$ cat data.cif   # mmCIF, C-alpha atoms (C1' of nucleotides) and all ligand atoms
data_model
loop_
_atom_site.label_atom_id
_atom_site.label_comp_id
_atom_site.auth_asym_id
_atom_site.auth_seq_id
_atom_site.Cartn_x
_atom_site.Cartn_y
_atom_site.Cartn_z
CA MET A 142 90.14 122.56 130.96
CA THR A 143 93.24 120.46 130.61
CA ALA A 144 96.33 121.87 129.00
CA ASP A 145 96.76 120.60 125.50
CA SER A 146 100.08 118.84 125.84
CA HIS A 147 99.52 116.99 122.60
CA PRO A 148 97.37 118.95 120.26
CA THR A 149 96.03 116.84 117.42
CA THR A 150 97.23 119.58 115.16
CA GLY A 151 100.83 119.32 116.36
CA PRO A 152 103.84 117.55 114.95
CA ILE A 153 105.15 114.24 116.17
CA PRO A 154 105.99 114.66 119.84
CA ASN A 155 109.68 115.17 120.42
CA HIS A 156 111.79 113.27 122.88
CA GLY A 157 111.84 116.09 125.36
CA HIS A 158 108.19 116.25 126.20
CA ASP A 159 106.59 115.20 129.45
CA HIS A 160 105.34 111.80 128.47
CA ALA A 161 104.24 110.81 131.95
CA HIS A 162 101.66 113.52 131.50
CA CYS A 163 100.50 111.99 128.22
CA ILE A 164 99.93 108.68 129.95
CA ALA A 165 98.18 110.14 132.98
CA ASP A 166 96.00 112.24 130.74
CA ALA A 167 95.07 109.32 128.51
CA LEU A 168 94.11 107.17 131.47
CA MET A 169 92.09 109.96 133.00
CA ARG A 170 90.16 110.57 129.81
CA ALA A 171 89.60 106.85 129.40
CA ASP A 172 88.19 106.62 132.91
CA ALA A 173 85.86 109.52 132.27
CA LEU A 174 84.67 108.26 128.88
CA CYS A 175 84.01 104.72 130.04
CA ALA A 176 82.21 105.91 133.13
CA GLU A 177 80.05 108.14 130.96
CA ARG A 178 79.23 105.26 128.62
CA GLY A 179 78.80 102.56 131.22
CA ALA A 180 81.68 100.65 129.63
CA ARG A 181 83.81 98.60 131.97
CA LEU A 182 87.41 99.74 131.93
CA THR A 183 88.69 96.86 134.04
CA ALA A 184 92.09 96.74 135.69
CA LEU A 185 93.41 94.56 132.88
CA ARG A 186 92.11 96.81 130.12
CA ARG A 187 93.43 99.86 131.87
CA GLN A 188 96.80 98.19 132.20
CA VAL A 189 96.87 97.37 128.49
CA LEU A 190 95.89 100.92 127.64
CA GLU A 191 98.76 102.17 129.75
CA LEU A 192 101.14 99.83 127.94
CA VAL A 193 99.89 101.03 124.57
CA TRP A 194 100.80 104.49 125.75
CA THR A 195 104.36 103.45 126.59
CA SER A 196 105.45 105.73 123.80
CA HIS A 197 104.15 107.48 120.70
CA LYS A 198 105.32 104.62 118.56
CA PRO A 199 102.73 102.09 117.50
CA ARG A 200 103.25 98.88 119.47
CA GLY A 201 102.62 95.31 118.42
CA ALA A 202 100.25 93.15 120.43
CA TYR A 203 103.05 90.80 121.37
CA ALA A 204 105.25 93.60 122.63
CA ILE A 205 102.43 94.65 124.90
CA LEU A 206 101.97 91.02 125.87
CA GLU A 207 105.59 90.76 126.98
CA ASP A 208 105.35 93.87 129.11
CA LEU A 209 102.14 92.67 130.64
CA SER A 210 103.59 89.28 131.47
CA GLN A 211 106.55 90.94 133.11
CA ARG A 212 104.40 93.26 135.17
CA GLU A 213 102.14 90.46 136.29
CA GLY A 214 105.09 88.20 136.97
CA LYS A 215 103.45 85.37 135.07
CA ALA A 216 102.95 84.37 131.46
CA THR A 217 99.87 85.86 129.85
CA ALA A 218 98.12 84.47 126.80
CA PRO A 219 97.95 86.48 123.56
CA LEU A 220 94.19 86.35 123.68
CA THR A 221 94.18 88.31 126.88
CA VAL A 222 95.88 91.21 125.19
CA TYR A 223 93.87 90.93 121.98
CA ARG A 224 90.60 91.03 123.87
CA ALA A 225 91.65 94.08 125.79
CA LEU A 226 92.80 95.76 122.59
CA GLU A 227 89.53 94.91 120.90
CA PHE A 228 87.65 96.64 123.68
CA LEU A 229 89.91 99.68 123.59
CA VAL A 230 89.58 99.99 119.83
CA GLU A 231 85.81 99.68 120.04
CA GLN A 232 85.75 102.45 122.61
CA GLY A 233 87.92 104.60 120.38
CA LEU A 234 90.68 104.77 122.98
CA VAL A 235 93.18 103.01 120.77
CA HIS A 236 93.67 102.84 117.02
CA ARG A 237 95.05 99.97 115.03
CA LEU A 238 97.60 100.87 112.38
CA GLU A 239 96.85 98.50 109.54
CA SER A 240 100.10 98.97 107.71
CA LEU A 241 102.11 98.06 110.80
CA ASN A 242 99.92 95.53 112.55
CA ALA A 243 100.33 97.70 115.60
CA TYR A 244 98.33 99.72 118.08
CA ILE A 245 98.58 103.30 119.27
CA GLY A 246 96.73 105.42 121.80
CA CYS A 247 94.13 107.78 120.39
CA ALA A 248 95.05 111.43 120.63
CA ALA A 249 91.46 112.64 120.88
CA PRO A 250 89.17 109.95 122.28
CA GLY A 251 85.54 110.88 122.44
CA ALA A 252 85.78 113.33 119.57
CA VAL A 253 84.55 112.41 116.12
CA HIS A 254 87.53 111.63 113.96
CA SER A 255 88.49 109.25 111.24
CA GLY A 256 91.90 107.99 112.19
CA GLN A 257 94.53 109.44 109.92
CA PHE A 258 98.22 109.01 110.64
CA LEU A 259 101.60 110.30 109.63
CA VAL A 260 104.02 107.46 110.28
CA CYS A 261 107.78 108.05 110.29
CA GLU A 262 109.60 105.10 108.79
CA THR A 263 112.85 106.15 110.43
CA CYS A 264 112.02 106.75 114.08
CA GLY A 265 108.79 104.78 114.18
CA ASN A 266 106.71 107.55 115.70
CA ALA A 267 103.19 108.07 114.46
CA ALA A 268 101.18 111.27 114.70
CA GLU A 269 97.43 111.14 114.58
CA ILE A 270 95.88 113.84 112.46
CA ASP A 271 92.34 114.57 111.48
CA ASP A 272 92.53 116.69 108.41
CA PRO A 273 89.13 117.92 107.26
CA ARG A 274 90.36 118.24 103.67
CA ILE A 275 91.28 114.58 103.51
CA ARG A 276 88.02 113.63 105.19
CA ALA A 277 86.09 115.81 102.76
CA ALA A 278 87.91 114.46 99.73
CA ILE A 279 87.18 110.88 100.75
CA GLY A 280 83.55 111.75 101.42
CA THR A 281 83.23 113.43 98.04
CA ILE A 282 84.60 110.63 95.93
CA ALA A 283 82.67 108.05 97.88
CA ALA A 284 79.48 109.98 97.27
CA GLU A 285 80.29 110.32 93.58
CA ARG A 286 80.62 106.56 93.30
CA GLY A 287 77.72 105.64 95.54
CA PHE A 288 80.08 104.05 97.99
CA GLN A 289 78.99 104.05 101.60
CA VAL A 290 81.98 104.61 103.87
CA SER A 291 82.22 102.76 107.15
CA ARG A 292 85.88 102.93 108.03
CA PRO A 293 88.35 105.14 106.20
CA THR A 294 92.01 104.27 106.68
CA VAL A 295 94.70 106.84 105.97
CA GLU A 296 98.25 105.96 106.90
CA VAL A 297 100.88 108.17 105.32
CA ARG A 298 104.36 106.74 105.62
CA GLY A 299 107.39 108.91 105.23
CA THR A 300 109.96 110.84 107.22
CA CYS A 301 109.24 113.29 110.03
CA THR A 302 110.93 116.64 110.43
CA ASP A 303 113.35 115.50 113.11
CA CYS A 304 114.55 112.54 111.10
CA GLN A 305 114.98 114.65 107.97
CA GLU A 306 117.29 116.95 109.88
CA LYS A 307 119.30 114.09 111.32
CA THR A 308 119.78 112.33 107.96
CA PRO A 309 119.82 114.88 105.16
CA MET B 50 69.70 104.27 80.99
CA THR B 51 67.56 101.73 82.79
CA ALA B 52 67.45 101.40 86.51
CA ASP B 53 68.88 97.90 86.56
CA SER B 54 71.66 98.39 84.09
CA HIS B 55 75.18 97.66 85.20
CA PRO B 56 77.46 100.53 84.37
CA THR B 57 81.03 99.47 83.69
CA THR B 58 82.11 102.85 84.92
CA GLY B 59 81.00 102.03 88.46
CA PRO B 60 83.43 101.95 91.34
CA ILE B 61 83.70 98.18 91.33
CA PRO B 62 83.49 96.04 88.18
CA ASN B 63 80.20 94.21 88.02
CA HIS B 64 79.80 90.49 87.77
CA GLY B 65 78.92 90.54 84.11
CA HIS B 66 82.07 92.07 82.70
CA ASP B 67 84.56 90.33 80.46
CA HIS B 68 87.18 89.47 83.02
CA ALA B 69 89.26 87.37 80.67
CA HIS B 70 89.96 90.63 78.94
CA CYS B 71 91.07 92.23 82.21
CA ILE B 72 93.59 89.43 82.72
CA ALA B 73 94.91 89.44 79.17
CA ASP B 74 95.24 93.19 79.27
CA ALA B 75 97.07 93.17 82.59
CA LEU B 76 99.55 90.57 81.36
CA MET B 77 100.12 92.44 78.14
CA ARG B 78 100.83 95.69 79.92
CA ALA B 79 103.11 93.91 82.36
CA ASP B 80 105.09 92.42 79.49
CA ALA B 81 105.45 95.80 77.86
CA LEU B 82 106.42 97.62 81.02
CA CYS B 83 109.00 95.09 82.13
CA ALA B 84 110.52 94.90 78.66
CA GLU B 85 110.75 98.67 78.65
CA ARG B 86 112.46 98.71 82.05
CA GLY B 87 114.68 95.72 81.55
CA ALA B 88 112.97 93.99 84.46
CA ARG B 89 112.66 90.25 84.24
CA LEU B 90 109.05 89.14 84.24
CA THR B 91 109.87 85.46 84.54
CA ALA B 92 107.38 82.64 83.94
CA LEU B 93 106.84 82.29 87.67
CA ARG B 94 106.26 85.98 88.25
CA ARG B 95 103.93 86.17 85.29
CA GLN B 96 102.03 83.19 86.64
CA VAL B 97 101.67 84.84 90.05
CA LEU B 98 100.51 88.06 88.42
CA GLU B 99 97.87 86.11 86.55
CA LEU B 100 96.72 84.49 89.79
CA VAL B 101 96.51 87.87 91.49
CA TRP B 102 94.21 88.87 88.67
CA THR B 103 91.91 85.88 89.27
CA SER B 104 89.28 88.39 90.31
CA HIS B 105 88.89 91.97 91.45
CA LYS B 106 88.95 90.85 95.05
CA PRO B 107 92.21 91.23 96.91
CA ARG B 108 93.78 87.81 97.36
CA GLY B 109 95.94 86.54 100.20
CA ALA B 110 99.41 85.23 99.47
CA TYR B 111 98.46 81.77 100.65
CA ALA B 112 95.42 81.63 98.38
CA ILE B 113 97.70 82.39 95.46
CA LEU B 114 100.11 79.80 96.78
CA GLU B 115 97.42 77.12 96.71
CA ASP B 116 96.47 77.93 93.15
CA LEU B 117 100.06 77.93 92.09
CA SER B 118 100.73 74.58 93.71
CA GLN B 119 97.71 73.13 91.98
CA ARG B 120 98.76 74.45 88.60
CA GLU B 121 102.30 73.22 88.96
CA GLY B 122 101.11 69.89 90.29
CA LYS B 123 103.56 70.10 93.18
CA ALA B 124 103.77 71.88 96.51
CA THR B 125 105.28 75.32 96.35
CA ALA B 126 106.86 77.17 99.26
CA PRO B 127 105.36 80.42 100.59
CA LEU B 128 108.60 82.23 99.88
CA THR B 129 108.23 81.55 96.21
CA VAL B 130 105.00 83.47 96.13
CA TYR B 131 106.19 86.22 98.45
CA ARG B 132 109.25 86.85 96.34
CA ALA B 133 107.20 87.07 93.18
CA LEU B 134 104.74 89.42 94.91
CA GLU B 135 107.59 91.57 96.14
CA PHE B 136 108.84 91.96 92.59
CA LEU B 137 105.38 92.74 91.25
CA VAL B 138 104.76 95.33 93.96
CA GLU B 139 108.12 96.96 93.28
CA GLN B 140 107.26 97.19 89.61
CA GLY B 141 103.90 98.72 90.46
CA LEU B 142 102.02 95.87 88.84
CA VAL B 143 100.39 94.80 92.08
CA HIS B 144 99.34 96.65 95.21
CA ARG B 145 99.26 95.35 98.71
CA LEU B 146 96.15 96.16 100.72
CA GLU B 147 97.45 96.75 104.20
CA SER B 148 94.14 96.47 105.95
CA LEU B 149 93.50 93.04 104.44
CA ASN B 150 96.97 91.56 104.17
CA ALA B 151 96.10 90.88 100.58
CA TYR B 152 97.22 91.70 97.06
CA ILE B 153 95.41 93.09 94.04
CA GLY B 154 96.37 93.86 90.48
CA CYS B 155 97.09 97.48 89.70
CA ALA B 156 94.51 99.15 87.49
CA ALA B 157 96.95 101.59 85.93
CA PRO B 158 100.51 100.27 86.00
CA GLY B 159 103.10 102.61 84.66
CA ALA B 160 101.12 105.71 85.49
CA VAL B 161 101.95 107.79 88.52
CA HIS B 162 99.44 107.05 91.21
CA SER B 163 99.34 106.65 94.92
CA GLY B 164 97.26 103.58 95.54
CA GLN B 165 93.90 104.49 96.95
CA PHE B 166 91.17 101.91 97.34
CA LEU B 167 87.48 101.57 97.99
CA VAL B 168 87.04 98.19 99.63
CA CYS B 169 83.59 96.64 99.97
CA GLU B 170 83.27 94.77 103.24
CA THR B 171 80.32 92.77 101.94
CA CYS B 172 81.40 91.38 98.58
CA GLY B 173 85.13 91.76 99.06
CA ASN B 174 85.75 93.64 95.84
CA ALA B 175 88.20 96.49 95.84
CA ALA B 176 88.31 99.37 93.38
CA GLU B 177 91.49 101.29 92.84
CA ILE B 178 91.00 105.01 92.59
CA ASP B 179 93.42 107.87 92.26
CA ASP B 180 91.60 110.91 93.43
CA PRO B 181 93.62 114.10 92.96
CA ARG B 182 91.76 115.80 95.81
CA ILE B 183 92.84 113.14 98.28
CA ARG B 184 96.36 113.22 96.93
CA ALA B 185 96.41 117.00 97.15
CA ALA B 186 95.02 117.04 100.67
CA ILE B 187 97.65 114.59 101.87
CA GLY B 188 100.37 116.58 100.14
CA THR B 189 99.15 119.79 101.71
CA ILE B 190 99.03 118.61 105.27
CA ALA B 191 102.35 116.84 104.92
CA ALA B 192 103.92 120.04 103.63
CA GLU B 193 102.38 122.03 106.48
CA ARG B 194 104.00 119.70 108.99
CA GLY B 195 107.31 119.28 107.22
CA PHE B 196 106.58 115.61 106.74
CA GLN B 197 108.18 114.01 103.71
CA VAL B 198 105.80 111.48 102.19
CA SER B 199 107.15 108.26 100.76
CA ARG B 200 104.15 105.98 100.65
CA PRO B 201 100.61 107.18 101.26
CA THR B 202 98.07 104.50 102.08
CA VAL B 203 94.35 105.15 101.63
CA GLU B 204 91.99 102.23 102.08
CA VAL B 205 88.37 103.19 102.50
CA ARG B 206 86.25 100.35 103.76
CA GLY B 207 82.50 100.38 103.33
CA THR B 208 79.74 99.08 101.11
CA CYS B 209 79.64 99.28 97.33
CA THR B 210 76.58 100.27 95.33
CA ASP B 211 75.62 96.72 94.40
CA CYS B 212 75.77 95.49 97.95
CA GLN B 213 73.75 98.46 99.23
CA GLU B 214 70.97 97.56 96.79
CA LYS B 215 70.98 93.92 97.79
CA THR B 216 70.90 94.60 101.54
CA PRO B 217 69.06 97.85 102.20
"C1'" DT C 297 133.28 78.21 73.81
"C1'" DT C 298 133.95 78.23 78.48
"C1'" DC C 299 133.98 80.47 82.68
"C1'" DG C 300 132.48 83.34 86.32
"C1'" DG C 301 129.11 86.34 88.38
"C1'" DC C 302 124.71 87.41 89.72
"C1'" DG C 303 120.01 87.22 90.09
"C1'" DA C 304 116.12 83.79 90.41
"C1'" DT C 305 114.41 79.83 92.51
"C1'" DG C 306 114.22 75.74 95.79
"C1'" DT C 307 114.31 73.92 100.68
"C1'" DT C 308 113.79 73.92 105.40
"C1'" DA C 309 112.83 76.10 109.51
"C1'" DT C 310 110.94 79.64 112.25
"C1'" DA C 311 109.04 84.15 113.55
"C1'" DA C 312 105.06 87.14 114.14
"C1'" DG C 313 100.25 88.10 114.30
"C1'" DA C 314 95.57 86.53 115.33
"C1'" DT C 315 91.58 83.53 116.48
"C1'" DA C 316 88.71 79.25 117.97
"C1'" DA C 317 86.70 76.48 121.56
"C1'" DC C 318 85.74 75.65 126.09
"C1'" DG C 319 85.06 76.62 130.89
"C1'" DC C 320 85.52 79.09 135.33
"C1'" DC C 321 84.51 83.00 138.12
"C1'" DA C 322 83.29 87.74 139.48
"C1'" DT C 323 79.80 91.12 139.15
"C1'" DG C 324 75.35 92.91 139.46
"C1'" DA C 325 70.21 92.58 138.79
"C1'" DC C 326 66.29 90.47 140.70
"C1'" DG D 268 70.49 83.64 147.39
"C1'" DT D 269 69.92 82.72 142.49
"C1'" DC D 270 70.76 83.45 138.04
"C1'" DA D 271 72.47 85.68 133.86
"C1'" DT D 272 75.99 88.22 131.82
"C1'" DG D 273 80.35 89.33 130.61
"C1'" DG D 274 85.34 89.16 131.63
"C1'" DC D 275 89.10 86.33 131.89
"C1'" DG D 276 92.19 81.92 131.75
"C1'" DT D 277 93.86 77.87 129.11
"C1'" DT D 278 95.01 75.30 125.24
"C1'" DA D 279 95.35 74.64 120.62
"C1'" DT D 280 95.47 76.13 116.06
"C1'" DC D 281 95.42 79.15 112.17
"C1'" DT D 282 97.23 82.83 108.99
"C1'" DT D 283 100.80 85.70 107.40
"C1'" DA D 284 105.61 86.52 106.64
"C1'" DT D 285 110.70 86.03 106.85
"C1'" DA D 286 115.52 83.96 107.74
"C1'" DA D 287 119.34 81.19 106.25
"C1'" DC D 288 121.43 78.65 103.01
"C1'" DA D 289 121.85 75.78 98.69
"C1'" DT D 290 121.29 75.41 93.78
"C1'" DC D 291 120.08 76.63 89.21
"C1'" DG D 292 120.39 79.12 84.95
"C1'" DC D 293 121.03 83.11 82.19
"C1'" DC D 294 124.33 86.28 80.17
"C1'" DG D 295 128.35 88.74 79.28
"C1'" DA D 296 133.49 88.64 79.29
"C1'" DA D 297 137.68 86.34 78.35
ZN ZN E 401 103.96 111.71 125.05
ZN ZN E 402 110.85 110.35 112.65
ZN ZN E 403 87.76 92.10 85.50
ZN ZN E 404 80.27 95.06 97.36
#

$ encode --input "data.cif" --output "structure tokens"
Amino acid sequence: MTADSHPTTGPIPNHGHDHAHCIADALMRADALCAERGARLTALRRQVLELVWTSHKPRGAYAILEDLSQREGKATAPLTVYRALEFLVEQGLVHRLESLNAYIGCAAPGAVHSGQFLVCETCGNAAEIDDPRIRAAIGTIAAERGFQVSRPTVEVRGTCTDCQEKTP
Amino acid sequence: MTADSHPTTGPIPNHGHDHAHCIADALMRADALCAERGARLTALRRQVLELVWTSHKPRGAYAILEDLSQREGKATAPLTVYRALEFLVEQGLVHRLESLNAYIGCAAPGAVHSGQFLVCETCGNAAEIDDPRIRAAIGTIAAERGFQVSRPTVEVRGTCTDCQEKTP
DNA sequence: TTCGGCGATGTTATAAGATAACGCCATGAC
DNA sequence: GTCATGGCGTTATCTTATAACATCGCCGAA
């Protein structure tokens, strides 16, 4: 069993953590999941996934595009990145943050979860959470109103602990 | 209560309701609130608010822009609409739906609420809710993690009752 | 009343995010 | 090998949003 470097129950990762491990771990899990599902994690898609994992800040498609172009040494079209992102989102390896038009690596791919985020407006980091109380509350009110949920979006913007300490 | 009645208490207003009343009511409340606050609900801003209230479907800024241009009989710049929307959002008269890049009139301006929505992916209607359980759950987990909430976003996409009946 | 300040609006240009349409090519089944 | 599928490249275009700067008009102070 892999060490839980980034528990989904933890706070926003601090600057001191071993991020190379995050990346390696994410890629490894992606390989395993896609192999298991018969999904094709091509070199390009894997590359884009790695670039999404550049940090724990949500990244815009065009930021990823720039990095990709630089790595490849040639200009890449936006569509290339968008198609890769679409695949990664479908596979649950990446989430799209609606309120930021940006993408972030999933903290727990493969597991059932609904995609809830705490987004710090100061440092830009986003922590994925999967709070059963929020999930339950949404399920309850939806049921009460006869609303059939397909995709719940919870993006809580605010200030993380670190940034509160720095700017009191 | 008959099986095919259309309850006005449903999650999303049905097609038969008196929408002119919705609009008039929204404008009246906006007038009152802005007067109370000393905020300037100018003719332009009031016009944009009215256009946001065209229906209970979230509307894009450029759709509003088109309507506005048509009403004025002359082309209007996007910024004009965006500035009006910015004002209306600040005043809590309009909400922005992040997952749709669209705007919708607030159902309860003036009252404290966090902006939660049930969005039907079939008919496009959106119902504003303010479920205390969801609010509480978000508050709880934020407190547990030392995260200071400034703007919670909850947008639940799915299928409303009407659309479920039409397409079983 | 007139003046000055400030917020609202107009104008033009551009940034940022996303998709459409078409075709080539690699992969893998048969 | 042949063929079908799906991934990827290319070009163009669309939608959404903001920047920078000029002007207008309301309102209070002199
Ligand atoms: Zn990390
Ligand atoms: Zn932070
Ligand atoms: Zn109505
Ligand atoms: Zn519906």

$ atom_distance --input "data.cif" --atom1 "CA of Gln165 (chain B)" --atom2 "CA of Tyr111 (chain B)"
23.5 Å

$ residues_near_ligand --input "data.cif" --ligand "ligand ZN 403 (chain E)" --cutoff "8 Å" --atoms "all atoms listed in the file" --output "list in words"
Pro62, His66, Asp67, His68, Ala69, His70, Cys71, Ile72, Trp102, Ser104 and His105 of chain B

$ residues_near_ligand --input "data.cif" --ligand "ligand ZN 402 (chain E)" --cutoff "8 Å" --atoms "all atoms listed in the file" --output "PyMOL selection string"
chain A and resi 153+260-266+300-305

$ atom_distance --input "data.cif" --atom1 "CA of Ala176 (chain A)" --atom2 "CA of Leu220 (chain A)"
24.8 Å

$ residues_around --input "data.cif" --residues "region 275-284 of chain D" --least-positions-apart "3" --cutoff "9 Å" --atoms "all atoms listed in the file" --output "PyMOL selection string"
(chain A and resi 217-218+221) or (chain B and resi 109-111+127-128+131+150) or (chain C and resi 311-321)
